[in-house]
Amino acid sequence: MAVSISERGASELRRIMKEQNSEDLFLRMSLKGGGCSGFNYFLDFAREPGNFDLTFESNGLKIVIDKKSHLFMNGTVLDFNDGLIDRGFRFNNPMAKTSCGCGTSFGM
Amino acid sequence: MSVIVGIDLGTTNSLVSVCKDGVPVVLTDADGNCMLPSVVTFAEDAVLVGHEARRQFLKYPEQTIYSVKRLFGKSYSDLKDSVSHLPFQMTGDNSSLKIKAGGRELQAFEISSHVLAKLKAIAESSLGQPVEKAVITVPAWFDDAQRNETRHAARLANLEVVRILNEPTAAALAYGLDTKKNGKIAVYDLGGGTFDVSILDLCDGVFQVLSTSGDTFLGGDDMDQVLVDWIIQKAGPDVILDAESRIAMKFAAEQLKIRLTEKEEVEVKLHFPAKNLNLDTVIMRSEFEDLIKPLIKRTIKSCQTALKDSGLELSEITSVVLVGGATRVPAIRKAVKEYFEKTPFTGINPDEVVALGASVQALVLSGGRRDVLLLDVIPLSLGIETLGGAVTKILLRNTTIPVSATEEFTTSVDNQTAITVHVLQGERELVEDCRSLIRLKVKNLPPMPAGLPRLQVSFTVDENGVLSVKAMETRSSQSASVEVFPSIGLSLDAVDKIVEESIDHAMDDFDVRMLVELRNKAERIIVATDRVWVKAQSLMSNKDIHELETALNETKMALKRGEKDKEKMQNLVDRLGDLTRPLADKIFTSATEDVLVGKSVAEI
């Protein structure tokens, strides 16, 4: 299993990376305790993977995720909702039992 | 293997440090003191050193010797007006210097050896093993005679000197700057009574002193004196100025200086009726800064000289390091930053940084491996303690520096007048499994119901890896801030171990974290429901009330017995949520009606 990015997610990311001149960077996915349902998702760009990181490729983008976050995000697909309301990235995490309305926080 | 300690043999205070598991720490005496005053008293039947000696100063003023480092490598004829203010008696000629104390004539190194012997004893009892070797620091401008006198002192104290290390180099080592391989470093060292600035060249990990400048009679004590003068002026002409009142004022001035470092405004209350000293006023930090401006100017002038002598341009300086307790004064930090156009390193306690660097050098000389983490990313996550003993991370591991992040928090108890922000480092979910870095307190909050205060917590990690934490309650504008250097005491191995542990415990930690969040949520619902309980009676059916009451009681009991089953807690919270949601709707509607009833549309 792995984490991946949907087509829509990838094209939005490519747009942002081009805008920021950061096309050769990794997308870092992680999570941290807190938020309305227990844990929050987190996105960032990274120059290179560190120790304890896993790397994946999806839709032409390089993803890095630390092993701990991966334990709870295995199978997650990062999607982008391009509608006018609720516009933004969403994490579709098959391991999440509860998730909050904002879609950036979850519980298990 | 025999241990090598690092010693900062200072003019005013001395410290001993050692690397434990690659991490430099300052050793303390039985009373927990890090700093040993470099003072020796030759009493009738014993030689007293450090705090004991200082306490006896008034009893044996002529037998108590201090600042002896100033006399290293000097002959009697070298002594000009500059050192003649020292109150003890000296003799000698153009090749020797003897200090009269305890009925004997002693050389400077013989007196210093008592300080070194005391430091050796502190290290031995702290480490539980004999200590025979040391790295000892000296000012960069010490000549051969002065360095030799330092060696003599050590030999007399039964310490083998494995290296004499320059103080600015030690400070740079403490910050791990050697791992950057190359650079030009300015070290600004403002101690109690002396000021030194040095420019170092770091080439392939080796330090060379390019230039030094300074003032052998300028330091924190001069700032105290400026404040004493200010007190005398404020106290008026009737105050009796004798030794006793001067000592009291000097002590008060030192405290004032320390408090002005933390606060913008400090009350000055001095009541000493016997000396006609009755002062009840306020001093602003800006006033103090104006008073010490000439002193700061003198130090910056020395910086200019040192830079000129080094042959470097200002833009070539890559790092600036602050040493000495007086560099805690904000105006000094600001002046140094402005002059060098660089944020100085300040994360390590400036009183300890030289001693810590000496033990880093000792570790390297003993063949030990050392890692200092000067990375371009944050090696371990940084966060704060939140309700229920959880850690909420604000900056995640592996984030590229410099970086800044702000999150908002609130209180869970009514009428809190202070909020403590506990800063932690690590990857685990609970406070007890993370490393405590520092606590800061936002005080003087007006009493507010729980949940109303808005505490903005900002974490900034600068290019040096120094973490600044600022906490501000935005409704009252009360704030507190602090700086720490989270990489001190961290090796790559230690970081790896911490991350591995967090992966091993990930599942358990996750459950514990969820449980904490569920408990917090349950508490919140209970408190909120209690608040509207009376009103609820008229809005809900008896059956619903009864059901809600049962659910509340069950949840309260689960909390009381510290329910550890996550599923059970989740079910209780879900049920409470389902039962209270209609109540919340009804309360909202009734509140709206209360506002609207009896009013025409036009009035709304």
# chains A, B, ... in the order shown; residues from 1 in each chain; ligands from 1
$ closest_atom_pairs --of "chain B" --to "chain A" --cutoff "8 Å" --atoms "only C-alpha atoms" --output "JSON lines"
{"residue": "B:Val391", "atom": "CA", "partner": "A:Gly33", "partner_atom": "CA", "distance": 7.5}
{"residue": "B:Thr392", "atom": "CA", "partner": "A:Gly33", "partner_atom": "CA", "distance": 6.1}
{"residue": "B:Lys393", "atom": "CA", "partner": "A:Lys32", "partner_atom": "CA", "distance": 6.7}
{"residue": "B:Asn398", "atom": "CA", "partner": "A:Gly50", "partner_atom": "CA", "distance": 7.4}
{"residue": "B:Thr399", "atom": "CA", "partner": "A:Ala46", "partner_atom": "CA", "distance": 7.7}
{"residue": "B:Thr400", "atom": "CA", "partner": "A:Ala46", "partner_atom": "CA", "distance": 7.6}
{"residue": "B:Glu429", "atom": "CA", "partner": "A:Gly33", "partner_atom": "CA", "distance": 6.9}
{"residue": "B:Asp496", "atom": "CA", "partner": "A:Asn51", "partner_atom": "CA", "distance": 7.8}
{"residue": "B:Val499", "atom": "CA", "partner": "A:Phe52", "partner_atom": "CA", "distance": 7.7}
{"residue": "B:Glu500", "atom": "CA", "partner": "A:Phe52", "partner_atom": "CA", "distance": 8.0}
{"residue": "B:Ser502", "atom": "CA", "partner": "A:Lys68", "partner_atom": "CA", "distance": 7.2}
{"residue": "B:Ile503", "atom": "CA", "partner": "A:Lys68", "partner_atom": "CA", "distance": 5.1}
{"residue": "B:Ala506", "atom": "CA", "partner": "A:Lys68", "partner_atom": "CA", "distance": 6.3}
{"residue": "B:Arg513", "atom": "CA", "partner": "A:Gly33", "partner_atom": "CA", "distance": 7.0}
{"residue": "B:Met514", "atom": "CA", "partner": "A:Gly38", "partner_atom": "CA", "distance": 5.5}
{"residue": "B:Glu517", "atom": "CA", "partner": "A:Gly38", "partner_atom": "CA", "distance": 6.1}
$ write_last_selection --atoms "C-alpha atoms" --output "PDB file, in the first residue's frame"
ATOM      1  CA  VAL B 391       1.395  17.695  23.362  1.00  0.00           C
ATOM      2  CA  THR B 392       0.153  19.861  20.515  1.00  0.00           C
ATOM      3  CA  LYS B 393       2.895  20.282  17.956  1.00  0.00           C
ATOM      4  CA  ASN B 398      11.841  18.134   9.154  1.00  0.00           C
ATOM      5  CA  THR B 399      10.429  21.612   8.562  1.00  0.00           C
ATOM      6  CA  THR B 400      12.968  23.789   6.725  1.00  0.00           C
ATOM      7  CA  GLU B 429       1.855  12.441  22.064  1.00  0.00           C
ATOM      8  CA  ASP B 496      17.156   8.736  15.638  1.00  0.00           C
ATOM      9  CA  VAL B 499      12.003   9.001  16.270  1.00  0.00           C
ATOM     10  CA  GLU B 500      12.324   5.197  16.418  1.00  0.00           C
ATOM     11  CA  SER B 502       7.754   7.260  18.419  1.00  0.00           C
ATOM     12  CA  ILE B 503       7.253   4.743  15.591  1.00  0.00           C
ATOM     13  CA  ALA B 506       2.716   4.951  17.402  1.00  0.00           C
ATOM     14  CA  ARG B 513      -4.148  10.740  22.305  1.00  0.00           C
ATOM     15  CA  MET B 514      -7.661   9.922  21.124  1.00  0.00           C
ATOM     16  CA  GLU B 517      -9.240  14.282  23.225  1.00  0.00           C
TER      17      GLU B 517
END
$ select_by_dssp --residues "stretch 84-246 of chain B" --states "strand (DSSP E or B)" --output "number ranges by chain"
B: 89-92, 97-101, 104-106, 133-138, 160-166, 183-190, 195-203, 206-215
$ residues_around --residues "A:Arg8" --least-positions-apart "5" --cutoff "8 Å" --atoms "only C-alpha atoms" --output "PyMOL selection string"
chain A and resi 79-81
$ write_last_selection --atoms "N, CA and C atoms" --output "short mmCIF file (atom, residue, chain, number, x, y, z; two decimals), in the first residue's frame"
data_model
loop_
_atom_site.label_atom_id
_atom_site.label_comp_id
_atom_site.auth_asym_id
_atom_site.auth_seq_id
_atom_site.Cartn_x
_atom_site.Cartn_y
_atom_site.Cartn_z
N ASP A 79 -6.92 14.40 -2.51
CA ASP A 79 -7.76 14.88 -3.60
C ASP A 79 -7.90 16.39 -3.49
N PHE A 80 -8.34 17.00 -4.56
CA PHE A 80 -8.57 18.45 -4.52
C PHE A 80 -10.00 18.72 -4.96
N ASN A 81 -10.71 19.42 -4.10
CA ASN A 81 -12.08 19.79 -4.44
C ASN A 81 -12.05 21.17 -5.10
#
$ residues_around --residues "B:Ile378" --least-positions-apart "5" --cutoff "9 Å" --atoms "only C-alpha atoms" --output "list in words"
Leu395, Leu396, Arg397, Asn398, Thr399, Thr400, Ile401, Val461, Gly465 and Ser487 of chain B
$ select_by_dssp --residues "stretch 318-551 of chain B" --states "alpha helix (DSSP H)" --output "ChimeraX atom specification"
/B:330-340,353-365,492-504,506-539,542-551
$ write_last_selection --atoms "C-alpha atoms" --output "PDB file, in the first residue's frame"
ATOM      1  CA  PRO B 330      17.902  43.454  25.494  1.00  0.00           C
ATOM      2  CA  ALA B 331      19.517  46.759  24.492  1.00  0.00           C
ATOM      3  CA  ILE B 332      22.867  44.981  24.152  1.00  0.00           C
ATOM      4  CA  ARG B 333      21.428  42.237  21.983  1.00  0.00           C
ATOM      5  CA  LYS B 334      19.813  44.873  19.830  1.00  0.00           C
ATOM      6  CA  ALA B 335      23.022  46.913  19.492  1.00  0.00           C
ATOM      7  CA  VAL B 336      25.071  43.825  18.576  1.00  0.00           C
ATOM      8  CA  LYS B 337      22.485  42.714  16.055  1.00  0.00           C
ATOM      9  CA  GLU B 338      22.369  46.168  14.512  1.00  0.00           C
ATOM     10  CA  TYR B 339      26.126  46.490  14.304  1.00  0.00           C
ATOM     11  CA  PHE B 340      26.864  43.060  12.833  1.00  0.00           C
ATOM     12  CA  VAL B 353      28.527  28.756  27.189  1.00  0.00           C
ATOM     13  CA  VAL B 354      32.335  28.960  27.580  1.00  0.00           C
ATOM     14  CA  ALA B 355      32.480  26.099  30.105  1.00  0.00           C
ATOM     15  CA  LEU B 356      30.207  23.978  27.910  1.00  0.00           C
ATOM     16  CA  GLY B 357      32.443  24.619  24.909  1.00  0.00           C
ATOM     17  CA  ALA B 358      35.498  23.621  26.942  1.00  0.00           C
ATOM     18  CA  SER B 359      33.960  20.218  27.664  1.00  0.00           C
ATOM     19  CA  VAL B 360      33.060  19.820  23.990  1.00  0.00           C
ATOM     20  CA  GLN B 361      36.770  20.323  23.204  1.00  0.00           C
ATOM     21  CA  ALA B 362      37.596  17.845  25.991  1.00  0.00           C
ATOM     22  CA  LEU B 363      35.326  15.258  24.424  1.00  0.00           C
ATOM     23  CA  VAL B 364      36.935  15.694  21.019  1.00  0.00           C
ATOM     24  CA  LEU B 365      40.422  15.386  22.576  1.00  0.00           C
ATOM     25  CA  LEU B 492      21.970  12.592  15.568  1.00  0.00           C
ATOM     26  CA  ASP B 493      21.920   9.257  17.401  1.00  0.00           C
ATOM     27  CA  ALA B 494      19.636  10.675  20.067  1.00  0.00           C
ATOM     28  CA  VAL B 495      17.280  12.079  17.434  1.00  0.00           C
ATOM     29  CA  ASP B 496      17.156   8.736  15.638  1.00  0.00           C
ATOM     30  CA  LYS B 497      16.376   6.969  18.897  1.00  0.00           C
ATOM     31  CA  ILE B 498      13.568   9.402  19.710  1.00  0.00           C
ATOM     32  CA  VAL B 499      12.003   9.001  16.270  1.00  0.00           C
ATOM     33  CA  GLU B 500      12.324   5.197  16.418  1.00  0.00           C
ATOM     34  CA  GLU B 501      10.588   5.173  19.779  1.00  0.00           C
ATOM     35  CA  SER B 502       7.754   7.260  18.419  1.00  0.00           C
ATOM     36  CA  ILE B 503       7.253   4.743  15.591  1.00  0.00           C
ATOM     37  CA  ASP B 504       7.374   1.798  18.016  1.00  0.00           C
ATOM     38  CA  ALA B 506       2.716   4.951  17.402  1.00  0.00           C
ATOM     39  CA  MET B 507      -0.375   2.781  17.841  1.00  0.00           C
ATOM     40  CA  ASP B 508      -0.494   3.089  21.638  1.00  0.00           C
ATOM     41  CA  ASP B 509       0.212   6.799  21.450  1.00  0.00           C
ATOM     42  CA  PHE B 510      -2.569   7.235  18.958  1.00  0.00           C
ATOM     43  CA  ASP B 511      -5.058   5.532  21.285  1.00  0.00           C
ATOM     44  CA  VAL B 512      -3.881   7.536  24.277  1.00  0.00           C
ATOM     45  CA  ARG B 513      -4.148  10.740  22.305  1.00  0.00           C
ATOM     46  CA  MET B 514      -7.661   9.922  21.124  1.00  0.00           C
ATOM     47  CA  LEU B 515      -8.613   9.099  24.692  1.00  0.00           C
ATOM     48  CA  VAL B 516      -7.290  12.447  25.938  1.00  0.00           C
ATOM     49  CA  GLU B 517      -9.240  14.282  23.225  1.00  0.00           C
ATOM     50  CA  LEU B 518     -12.408  12.292  24.013  1.00  0.00           C
ATOM     51  CA  ARG B 519     -12.086  13.003  27.725  1.00  0.00           C
ATOM     52  CA  ASN B 520     -11.600  16.705  27.024  1.00  0.00           C
ATOM     53  CA  LYS B 521     -14.636  16.682  24.774  1.00  0.00           C
ATOM     54  CA  ALA B 522     -16.732  14.889  27.417  1.00  0.00           C
ATOM     55  CA  GLU B 523     -15.674  17.433  30.052  1.00  0.00           C
ATOM     56  CA  ARG B 524     -16.585  20.294  27.755  1.00  0.00           C
ATOM     57  CA  ILE B 525     -20.073  18.897  27.101  1.00  0.00           C
ATOM     58  CA  ILE B 526     -20.664  18.262  30.822  1.00  0.00           C
ATOM     59  CA  VAL B 527     -19.649  21.801  31.799  1.00  0.00           C
ATOM     60  CA  ALA B 528     -21.732  23.327  29.002  1.00  0.00           C
ATOM     61  CA  THR B 529     -24.797  21.254  29.914  1.00  0.00           C
ATOM     62  CA  ASP B 530     -24.492  22.072  33.618  1.00  0.00           C
ATOM     63  CA  ARG B 531     -24.524  25.726  32.706  1.00  0.00           C
ATOM     64  CA  VAL B 532     -27.909  25.517  30.950  1.00  0.00           C
ATOM     65  CA  TRP B 533     -29.395  22.760  33.170  1.00  0.00           C
ATOM     66  CA  VAL B 534     -32.093  24.960  34.754  1.00  0.00           C
ATOM     67  CA  LYS B 535     -33.203  26.338  31.434  1.00  0.00           C
ATOM     68  CA  ALA B 536     -33.191  22.838  29.916  1.00  0.00           C
ATOM     69  CA  GLN B 537     -35.984  21.751  32.300  1.00  0.00           C
ATOM     70  CA  SER B 538     -38.480  24.005  30.531  1.00  0.00           C
ATOM     71  CA  LEU B 539     -37.288  23.192  27.017  1.00  0.00           C
ATOM     72  CA  ASN B 542     -39.243  14.736  31.068  1.00  0.00           C
ATOM     73  CA  LYS B 543     -38.202  11.655  29.161  1.00  0.00           C
ATOM     74  CA  ASP B 544     -35.427  13.484  27.293  1.00  0.00           C
ATOM     75  CA  ILE B 545     -34.247  15.129  30.494  1.00  0.00           C
ATOM     76  CA  HIS B 546     -34.082  11.776  32.217  1.00  0.00           C
ATOM     77  CA  GLU B 547     -32.191  10.199  29.337  1.00  0.00           C
ATOM     78  CA  LEU B 548     -29.700  13.073  29.227  1.00  0.00           C
ATOM     79  CA  GLU B 549     -29.222  12.892  32.998  1.00  0.00           C
ATOM     80  CA  THR B 550     -28.431   9.186  32.784  1.00  0.00           C
ATOM     81  CA  ALA B 551     -25.939   9.739  29.956  1.00  0.00           C
TER      82      ALA B 551
END
$ residues_around --residues "B:Ala235" --least-positions-apart "5" --cutoff "10 Å" --atoms "only C-alpha atoms" --output "list in words"
Asp229, Trp230, Ile240, Leu270, Asn276, Leu277, Asn278, Leu279, Asp280 and Thr281 of chain B
$ write_last_selection --atoms "N, CA and C atoms" --output "short mmCIF file (atom, residue, chain, number, x, y, z; two decimals), in the first residue's frame"
data_model
loop_
_atom_site.label_atom_id
_atom_site.label_comp_id
_atom_site.auth_asym_id
_atom_site.auth_seq_id
_atom_site.Cartn_x
_atom_site.Cartn_y
_atom_site.Cartn_z
N ASP B 229 24.06 55.07 40.82
CA ASP B 229 24.11 56.53 40.69
C ASP B 229 22.71 57.10 40.52
N TRP B 230 21.90 56.37 39.74
CA TRP B 230 20.52 56.81 39.50
C TRP B 230 19.73 56.79 40.82
N ILE B 240 22.40 58.99 53.58
CA ILE B 240 23.73 58.79 54.14
C ILE B 240 24.45 57.73 53.31
N LEU B 270 12.87 51.18 47.95
CA LEU B 270 14.04 51.02 48.82
C LEU B 270 13.76 51.79 50.10
N ASN B 276 18.37 57.44 55.82
CA ASN B 276 17.53 58.44 55.13
C ASN B 276 17.23 58.05 53.70
N LEU B 277 17.17 56.76 53.47
CA LEU B 277 16.91 56.28 52.11
C LEU B 277 15.46 55.79 52.03
N ASN B 278 14.64 56.57 51.37
CA ASN B 278 13.24 56.20 51.19
C ASN B 278 12.86 56.45 49.74
N LEU B 279 12.85 55.38 48.98
CA LEU B 279 12.62 55.54 47.55
C LEU B 279 11.42 54.70 47.14
N ASP B 280 10.49 55.33 46.46
CA ASP B 280 9.31 54.62 45.99
C ASP B 280 8.99 55.19 44.62
N THR B 281 9.58 54.58 43.60
CA THR B 281 9.43 55.14 42.26
C THR B 281 9.43 54.01 41.24
#
$ residues_around --residues "B:Ser366" --least-positions-apart "4" --cutoff "12 Å" --atoms "only C-alpha atoms" --output "PyMOL selection string"
chain B and resi 1-6+18-19+22+133-135+162-163+359-362+370
$ residues_around --residues "A:Val64" --least-positions-apart "5" --cutoff "6 Å" --atoms "only C-alpha atoms" --output "PyMOL selection string"
chain A and resi 27-28+54-55
$ write_last_selection --atoms "C-alpha atoms" --output "mmCIF file, in the first residue's frame"
data_model
loop_
_atom_site.group_PDB
_atom_site.id
_atom_site.type_symbol
_atom_site.label_atom_id
_atom_site.label_comp_id
_atom_site.auth_asym_id
_atom_site.auth_seq_id
_atom_site.Cartn_x
_atom_site.Cartn_y
_atom_site.Cartn_z
ATOM 1 C CA LEU A 27 5.255 16.857 -1.229
ATOM 2 C CA ARG A 28 5.403 16.014 2.456
ATOM 3 C CA LEU A 54 9.031 6.679 2.913
ATOM 4 C CA THR A 55 8.813 7.977 -0.631
#
$ closest_residue --among "A:Ile16, A:Ala10, A:Met29, A:Val77" --to "A:Ile63" --atoms "only C-alpha atoms"
A:Met29
$ atom_distance --atom1 "atom CA of B:Cys34" --atom2 "atom CA of B:Gly383"
28.6 Å
$ atom_distance --atom1 "atom CA of B:Asp585" --atom2 "atom CA of B:Val573"
18.1 Å
$ atom_distance --atom1 "atom CA of B:Arg328" --atom2 "atom CA of B:Thr261"
6.8 Å
$ decode --residues "stretch 198-222 of chain B" --atoms "N, CA and C atoms" --output "PDB file, in the first residue's frame"
ATOM      1  N   SER B 198      36.085  39.157  19.945  1.00  0.00           N
ATOM      2  CA  SER B 198      37.076  38.444  19.143  1.00  0.00           C
ATOM      3  C   SER B 198      36.483  38.112  17.789  1.00  0.00           C
ATOM      4  N   ILE B 199      37.332  38.141  16.783  1.00  0.00           N
ATOM      5  CA  ILE B 199      36.910  37.698  15.457  1.00  0.00           C
ATOM      6  C   ILE B 199      37.681  36.415  15.155  1.00  0.00           C
ATOM      7  N   LEU B 200      36.943  35.350  14.889  1.00  0.00           N
ATOM      8  CA  LEU B 200      37.561  34.048  14.634  1.00  0.00           C
ATOM      9  C   LEU B 200      37.404  33.674  13.172  1.00  0.00           C
ATOM     10  N   ASP B 201      38.426  32.975  12.684  1.00  0.00           N
ATOM     11  CA  ASP B 201      38.332  32.419  11.343  1.00  0.00           C
ATOM     12  C   ASP B 201      38.220  30.905  11.492  1.00  0.00           C
ATOM     13  N   LEU B 202      37.180  30.340  10.944  1.00  0.00           N
ATOM     14  CA  LEU B 202      37.005  28.885  10.979  1.00  0.00           C
ATOM     15  C   LEU B 202      37.312  28.362   9.593  1.00  0.00           C
ATOM     16  N   CYS B 203      38.370  27.547   9.520  1.00  0.00           N
ATOM     17  CA  CYS B 203      38.784  27.028   8.222  1.00  0.00           C
ATOM     18  C   CYS B 203      38.929  25.525   8.333  1.00  0.00           C
ATOM     19  N   ASP B 204      38.138  24.782   7.596  1.00  0.00           N
ATOM     20  CA  ASP B 204      38.137  23.313   7.655  1.00  0.00           C
ATOM     21  C   ASP B 204      38.003  22.802   9.086  1.00  0.00           C
ATOM     22  N   GLY B 205      37.148  23.442   9.866  1.00  0.00           N
ATOM     23  CA  GLY B 205      36.879  22.976  11.219  1.00  0.00           C
ATOM     24  C   GLY B 205      37.893  23.429  12.249  1.00  0.00           C
ATOM     25  N   VAL B 206      38.908  24.219  11.839  1.00  0.00           N
ATOM     26  CA  VAL B 206      39.921  24.694  12.782  1.00  0.00           C
ATOM     27  C   VAL B 206      39.748  26.200  12.996  1.00  0.00           C
ATOM     28  N   PHE B 207      39.744  26.605  14.282  1.00  0.00           N
ATOM     29  CA  PHE B 207      39.556  28.019  14.596  1.00  0.00           C
ATOM     30  C   PHE B 207      40.889  28.736  14.706  1.00  0.00           C
ATOM     31  N   GLN B 208      40.910  29.968  14.211  1.00  0.00           N
ATOM     32  CA  GLN B 208      42.080  30.808  14.396  1.00  0.00           C
ATOM     33  C   GLN B 208      41.573  32.176  14.830  1.00  0.00           C
ATOM     34  N   VAL B 209      42.258  32.775  15.824  1.00  0.00           N
ATOM     35  CA  VAL B 209      41.831  34.096  16.278  1.00  0.00           C
ATOM     36  C   VAL B 209      42.432  35.140  15.346  1.00  0.00           C
ATOM     37  N   LEU B 210      41.594  35.897  14.663  1.00  0.00           N
ATOM     38  CA  LEU B 210      42.097  36.922  13.745  1.00  0.00           C
ATOM     39  C   LEU B 210      42.405  38.209  14.489  1.00  0.00           C
ATOM     40  N   SER B 211      41.555  38.564  15.438  1.00  0.00           N
ATOM     41  CA  SER B 211      41.785  39.804  16.171  1.00  0.00           C
ATOM     42  C   SER B 211      40.980  39.796  17.459  1.00  0.00           C
ATOM     43  N   THR B 212      41.439  40.608  18.418  1.00  0.00           N
ATOM     44  CA  THR B 212      40.670  40.780  19.646  1.00  0.00           C
ATOM     45  C   THR B 212      40.695  42.251  20.015  1.00  0.00           C
ATOM     46  N   SER B 213      39.674  42.651  20.732  1.00  0.00           N
ATOM     47  CA  SER B 213      39.648  43.992  21.278  1.00  0.00           C
ATOM     48  C   SER B 213      38.807  43.926  22.539  1.00  0.00           C
ATOM     49  N   GLY B 214      38.687  45.031  23.224  1.00  0.00           N
ATOM     50  CA  GLY B 214      37.866  44.994  24.417  1.00  0.00           C
ATOM     51  C   GLY B 214      38.268  46.032  25.426  1.00  0.00           C
ATOM     52  N   ASP B 215      37.826  45.815  26.644  1.00  0.00           N
ATOM     53  CA  ASP B 215      38.048  46.766  27.714  1.00  0.00           C
ATOM     54  C   ASP B 215      38.115  45.955  28.994  1.00  0.00           C
ATOM     55  N   THR B 216      39.268  45.988  29.676  1.00  0.00           N
ATOM     56  CA  THR B 216      39.419  45.134  30.852  1.00  0.00           C
ATOM     57  C   THR B 216      38.643  45.663  32.049  1.00  0.00           C
ATOM     58  N   PHE B 217      38.076  46.867  31.924  1.00  0.00           N
ATOM     59  CA  PHE B 217      37.254  47.376  33.028  1.00  0.00           C
ATOM     60  C   PHE B 217      35.906  47.870  32.532  1.00  0.00           C
ATOM     61  N   LEU B 218      35.157  46.946  31.948  1.00  0.00           N
ATOM     62  CA  LEU B 218      33.816  47.282  31.475  1.00  0.00           C
ATOM     63  C   LEU B 218      32.979  46.013  31.537  1.00  0.00           C
ATOM     64  N   GLY B 219      31.846  46.108  32.194  1.00  0.00           N
ATOM     65  CA  GLY B 219      31.015  44.908  32.282  1.00  0.00           C
ATOM     66  C   GLY B 219      29.697  45.167  32.979  1.00  0.00           C
ATOM     67  N   GLY B 220      29.050  44.089  33.357  1.00  0.00           N
ATOM     68  CA  GLY B 220      27.754  44.171  34.009  1.00  0.00           C
ATOM     69  C   GLY B 220      27.809  45.008  35.282  1.00  0.00           C
ATOM     70  N   ASP B 221      28.953  44.961  35.982  1.00  0.00           N
ATOM     71  CA  ASP B 221      29.094  45.742  37.213  1.00  0.00           C
ATOM     72  C   ASP B 221      28.959  47.234  36.947  1.00  0.00           C
ATOM     73  N   ASP B 222      29.414  47.661  35.752  1.00  0.00           N
ATOM     74  CA  ASP B 222      29.309  49.082  35.417  1.00  0.00           C
ATOM     75  C   ASP B 222      27.857  49.493  35.204  1.00  0.00           C
TER      76      ASP B 222
END
